[in-house]
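Novice: Before anything else, here's the structure in question.
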Amino acid sequence: MPGRKLELFSYKFSVYARIVRIVLEEKGIDFETHEINPFTSDVPASYLDIHPFKRVPAIRHGAFTLYETGPVTQYLDETFNGPSLQPDTAFERARMRQIIAIIDSYGYWPLVRKVFSSTFKEEIDETMLNKGLQESAPVLAALEKLVRDARYIAAPSYSLADAHLIPMIEYFLMVPEGAAMFSRYPKLIHWWDHVKERPSTISTLPQFPS
Ligand SMILES: N[C@@H](CCC(=O)N[C@@H](CS)C(=O)NCC(=O)O)C(=O)O
């Protein structure tokens with residue numbers, strides 16, 4: 001496997017694919033991208049062999065394929081050189097995994113698929129937006145309680161939890177009501193003010209058509 005170029009199956013607007021792209025950049029890993037839009041009905045059958053749930057991202061590394069973003073970023077961190085993105089202590093690693101699990105289990109749908117997606121049509125879907133905001137509040141409150149009094153969310157240095165959270169928060173903040181809600185969480189603001197300037201955050205931001 002070493003020496004084989006990593007392949008990423010990605011969709012340009014996907015928050016989950018962006019998590020992997022952030023980690024690839026943080027680690028300095030060379031990779032090749034295959035663009036797959038998982039929201040269409042004509043996803044190639046060859047991709048469904050790699051990801052039977054028709055989502056992005058997935059990776060191929062030699063003969064090894066893997067989907068589910070948490071395991072993918074962990075694999076990349078443990079397989080490739082570059083700075084370690086998993087903290088040294090069991091306590092901090094557990095916190096990192098907990099934050100990732102919270103985002104996956106309770107955060108993605110309200111923050112992204114309801115609040116952010118409510119703005120997709122010409123007229124904002126107010127019902128979807130309000131439901132999303134209502135469901136986002138306990139997620140942000142939980143993260144506010146867990147975030148360290150430091151620049152990074154789970155440990156003294158940047159970790160996989162920061163990479164996992166950034167794309168979802170960035171989409172949430174693009175909606176004015178989301179930004180207004182976020183402004184009520186001072187520790188999260190402190191965290192965001194640091195990580196938003198990071199080169200891997202800036203270079204992976206999707207380019208939306210104007
Ligand atoms: N549990 C998956 C979630 C991936 C996911 O939901 N990706 C979105 C794009 S951000 C997707 O492919 N959505 C397609 C759909 O919902 O049909 C992971 O951790 O990778």
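Chain labels follow the order of the structure tokens: the first chain is A, the next B, and so on; residue numbering restarts at 1 in every chain, and ligands are counted from 1 in their shown order.
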How would you write, as a PyMOL selection string, the set of residues no farther than 6 Å from ligand 1 when counting only C-alpha atoms and all ligand atoms?
Specialist: chain A and resi 14-16+38-39+55-57+68-70
Novice: Contacts of region 76-85 of chain A at 9 Å or less, counting only C-alpha atoms, minus same-chain residues fewer than 4 places along, as a list in words?
Specialist: Val20, Val23, Leu24, Glu26, Lys27, Gly28, Ile29, Pro71, Val72, Ser157, Tyr158, Ser159, Leu160 and Ala161 of chain A
Novice: With all heavy atoms retained, write the just-selected residues as a compact mmCIF listing (two decimals), in the first residue's frame.
Specialist:
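Printed below is part.txt as written:
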# COMPACT_ATOMS: atom_id res chain seq x y z
N VAL A 20 -12.60 15.44 5.46
CA VAL A 20 -11.46 14.63 5.00
C VAL A 20 -10.45 15.51 4.26
O VAL A 20 -9.24 15.37 4.46
CB VAL A 20 -11.95 13.45 4.11
CG1 VAL A 20 -10.77 12.67 3.55
CG2 VAL A 20 -12.86 12.53 4.92
N VAL A 23 -8.34 17.26 6.75
CA VAL A 23 -7.33 16.37 7.36
C VAL A 23 -6.20 16.07 6.36
O VAL A 23 -5.03 16.07 6.73
CB VAL A 23 -8.02 15.08 7.88
CG1 VAL A 23 -6.99 14.01 8.23
CG2 VAL A 23 -8.91 15.41 9.08
N LEU A 24 -6.55 15.86 5.10
CA LEU A 24 -5.52 15.61 4.09
C LEU A 24 -4.55 16.80 4.01
O LEU A 24 -3.33 16.62 3.93
CB LEU A 24 -6.17 15.38 2.71
CG LEU A 24 -6.93 14.05 2.58
CD1 LEU A 24 -7.83 14.06 1.34
CD2 LEU A 24 -5.94 12.88 2.50
N GLU A 26 -4.05 19.11 6.43
CA GLU A 26 -3.30 19.22 7.71
C GLU A 26 -2.12 18.23 7.74
O GLU A 26 -1.08 18.52 8.29
CB GLU A 26 -4.23 18.94 8.90
CG GLU A 26 -5.25 20.04 9.17
CD GLU A 26 -4.65 21.31 9.77
OE1 GLU A 26 -3.55 21.24 10.35
OE2 GLU A 26 -5.27 22.38 9.63
N LYS A 27 -2.33 17.05 7.16
CA LYS A 27 -1.28 16.02 7.17
C LYS A 27 -0.30 16.19 6.01
O LYS A 27 0.72 15.51 5.97
CB LYS A 27 -1.91 14.62 7.06
CG LYS A 27 -2.87 14.24 8.16
CD LYS A 27 -2.18 13.89 9.45
CE LYS A 27 -1.44 12.58 9.41
NZ LYS A 27 -0.81 12.29 10.74
N GLY A 28 -0.68 16.98 5.02
CA GLY A 28 0.18 17.13 3.84
C GLY A 28 0.16 15.89 2.95
O GLY A 28 1.19 15.50 2.38
N ILE A 29 -1.00 15.27 2.82
CA ILE A 29 -1.11 14.03 2.03
C ILE A 29 -1.49 14.37 0.59
O ILE A 29 -2.45 15.11 0.35
CB ILE A 29 -2.17 13.08 2.65
CG1 ILE A 29 -1.81 12.73 4.09
CG2 ILE A 29 -2.35 11.83 1.79
CD1 ILE A 29 -2.92 12.01 4.86
N PRO A 71 -13.86 7.04 10.95
CA PRO A 71 -12.81 6.04 10.69
C PRO A 71 -11.84 6.45 9.58
O PRO A 71 -10.64 6.14 9.65
CB PRO A 71 -13.61 4.80 10.28
CG PRO A 71 -14.93 4.96 10.98
CD PRO A 71 -15.21 6.44 10.98
N VAL A 72 -12.34 7.17 8.57
CA VAL A 72 -11.45 7.60 7.48
C VAL A 72 -10.38 8.56 8.01
O VAL A 72 -9.18 8.38 7.76
CB VAL A 72 -12.25 8.26 6.33
CG1 VAL A 72 -11.32 9.02 5.37
CG2 VAL A 72 -13.07 7.22 5.56
N SER A 157 -3.86 20.90 21.27
CA SER A 157 -3.50 21.14 19.88
C SER A 157 -4.65 20.71 18.97
O SER A 157 -5.58 20.02 19.39
CB SER A 157 -2.22 20.38 19.52
OG SER A 157 -2.41 19.03 19.81
N TYR A 158 -4.55 21.12 17.73
CA TYR A 158 -5.58 20.82 16.71
C TYR A 158 -5.78 19.31 16.61
O TYR A 158 -4.81 18.55 16.55
CB TYR A 158 -5.09 21.39 15.38
CG TYR A 158 -6.09 21.40 14.25
CD1 TYR A 158 -6.92 22.50 14.06
CD2 TYR A 158 -6.19 20.33 13.37
CE1 TYR A 158 -7.82 22.53 13.00
CE2 TYR A 158 -7.10 20.35 12.32
CZ TYR A 158 -7.91 21.46 12.15
OH TYR A 158 -8.81 21.49 11.11
N SER A 159 -7.03 18.88 16.56
CA SER A 159 -7.29 17.44 16.48
C SER A 159 -8.38 17.15 15.44
O SER A 159 -8.97 18.06 14.86
CB SER A 159 -7.71 16.88 17.85
OG SER A 159 -9.07 17.20 18.09
N LEU A 160 -8.64 15.86 15.27
CA LEU A 160 -9.68 15.43 14.32
C LEU A 160 -11.04 16.03 14.68
O LEU A 160 -11.89 16.19 13.82
CB LEU A 160 -9.76 13.90 14.30
CG LEU A 160 -8.50 13.16 13.83
CD1 LEU A 160 -8.72 11.64 13.89
CD2 LEU A 160 -8.10 13.58 12.41
N ALA A 161 -11.25 16.35 15.97
CA ALA A 161 -12.54 16.94 16.37
C ALA A 161 -12.70 18.35 15.79
O ALA A 161 -13.80 18.73 15.38
CB ALA A 161 -12.65 16.99 17.89
Novice: Mind running region 3-59 of chain A against region 200-205 of chain A at 7 Å and telling me each contacting residue's nearest atom pair with the distance in Å (one decimal), counting only C-alpha atoms, chain and number ascending, as a tab-separated table?
Specialist:
residue	atom	partner	partner_atom	distance
A:Arg18	CA	A:Thr204	CA	6.5
A:Arg21	CA	A:Thr204	CA	6.8
A:Ile22	CA	A:Ser200	CA	5.4
A:Glu25	CA	A:Ser200	CA	5.9
A:Glu26	CA	A:Ser200	CA	6.4
Novice: Taking all heavy atoms for each residue, export the selection above as a compact mmCIF listing (two decimals), in the first residue's frame.
Specialist:
# COMPACT_ATOMS: atom_id res chain seq x y z
N ARG A 18 -15.51 17.57 3.10
CA ARG A 18 -14.58 18.66 3.48
C ARG A 18 -13.79 18.29 4.73
O ARG A 18 -12.62 18.67 4.86
CB ARG A 18 -15.37 19.96 3.70
CG ARG A 18 -14.45 21.14 3.93
CD ARG A 18 -15.20 22.43 4.11
NE ARG A 18 -14.31 23.52 4.45
CZ ARG A 18 -14.70 24.63 5.08
NH1 ARG A 18 -15.96 24.80 5.41
NH2 ARG A 18 -13.82 25.56 5.37
N ARG A 21 -10.95 16.45 3.46
CA ARG A 21 -10.00 17.31 2.74
C ARG A 21 -9.18 18.17 3.71
O ARG A 21 -8.00 18.42 3.51
CB ARG A 21 -10.74 18.17 1.70
CG ARG A 21 -11.19 17.31 0.50
CD ARG A 21 -11.74 18.10 -0.66
NE ARG A 21 -13.01 18.70 -0.35
CZ ARG A 21 -13.23 20.02 -0.27
NH1 ARG A 21 -12.26 20.87 -0.51
NH2 ARG A 21 -14.43 20.47 0.00
N ILE A 22 -9.84 18.60 4.80
CA ILE A 22 -9.10 19.37 5.82
C ILE A 22 -7.99 18.50 6.41
O ILE A 22 -6.83 18.93 6.54
CB ILE A 22 -10.07 19.86 6.93
CG1 ILE A 22 -10.96 20.97 6.40
CG2 ILE A 22 -9.29 20.32 8.16
CD1 ILE A 22 -12.06 21.43 7.37
N GLU A 25 -5.11 18.00 4.08
CA GLU A 25 -4.24 19.18 4.01
C GLU A 25 -3.41 19.32 5.30
O GLU A 25 -2.22 19.63 5.25
CB GLU A 25 -5.07 20.44 3.77
CG GLU A 25 -4.17 21.65 3.74
CD GLU A 25 -4.74 22.86 3.06
OE1 GLU A 25 -5.64 22.72 2.20
OE2 GLU A 25 -4.26 23.96 3.40
N GLU A 26 -4.05 19.11 6.43
CA GLU A 26 -3.30 19.22 7.71
C GLU A 26 -2.12 18.23 7.74
O GLU A 26 -1.08 18.52 8.29
CB GLU A 26 -4.23 18.94 8.90
CG GLU A 26 -5.25 20.04 9.17
CD GLU A 26 -4.65 21.31 9.77
OE1 GLU A 26 -3.55 21.24 10.35
OE2 GLU A 26 -5.27 22.38 9.63
Novice: Near Arg60 (chain A), counting only C-alpha atoms, which residues have an atom at most 8 Å away, once you skip same-chain residues fewer than 6 positions from it, shown as a PyMOL selection string?
Specialist: chain A and resi 6-8+66
Novice: How would the residues just chosen look if you wrote them out with N, CA, C and O atoms as a PDB file, in the first residue's frame?
Specialist:
ATOM      1  N   LEU A   6      -3.339   8.098  -2.639  1.00  0.00           N
ATOM      2  CA  LEU A   6      -4.648   8.036  -2.006  1.00  0.00           C
ATOM      3  C   LEU A   6      -5.714   8.622  -2.938  1.00  0.00           C
ATOM      4  O   LEU A   6      -5.488   9.642  -3.573  1.00  0.00           O
ATOM      5  N   GLU A   7      -6.867   7.955  -3.013  1.00  0.00           N
ATOM      6  CA  GLU A   7      -7.975   8.479  -3.827  1.00  0.00           C
ATOM      7  C   GLU A   7      -9.118   8.870  -2.902  1.00  0.00           C
ATOM      8  O   GLU A   7      -9.493   8.107  -2.009  1.00  0.00           O
ATOM      9  N   LEU A   8      -9.666  10.067  -3.148  1.00  0.00           N
ATOM     10  CA  LEU A   8     -10.797  10.547  -2.350  1.00  0.00           C
ATOM     11  C   LEU A   8     -12.023  10.673  -3.242  1.00  0.00           C
ATOM     12  O   LEU A   8     -11.977  11.299  -4.299  1.00  0.00           O
ATOM     13  N   LEU A  66     -12.554   2.544   2.180  1.00  0.00           N
ATOM     14  CA  LEU A  66     -13.112   2.844   3.503  1.00  0.00           C
ATOM     15  C   LEU A  66     -14.106   3.991   3.381  1.00  0.00           C
ATOM     16  O   LEU A  66     -13.854   4.966   2.675  1.00  0.00           O
TER      17      LEU A  66
END
Novice: Between A:Ala17, A:Ala150, A:Ile189, A:Leu111, single out the one closest to Gly132 (chain A), counting only C-alpha atoms.
Specialist: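 Checking each candidate against Gly132 (chain A), we get A:Leu111 as the closest.
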Novice: I need the residue nearest Ala163 (chain A) from this list: A:Phe9, A:Trp192, A:Phe64, A:Phe116. Use only C-alpha atoms for the distance.
Specialist: A:Trp192
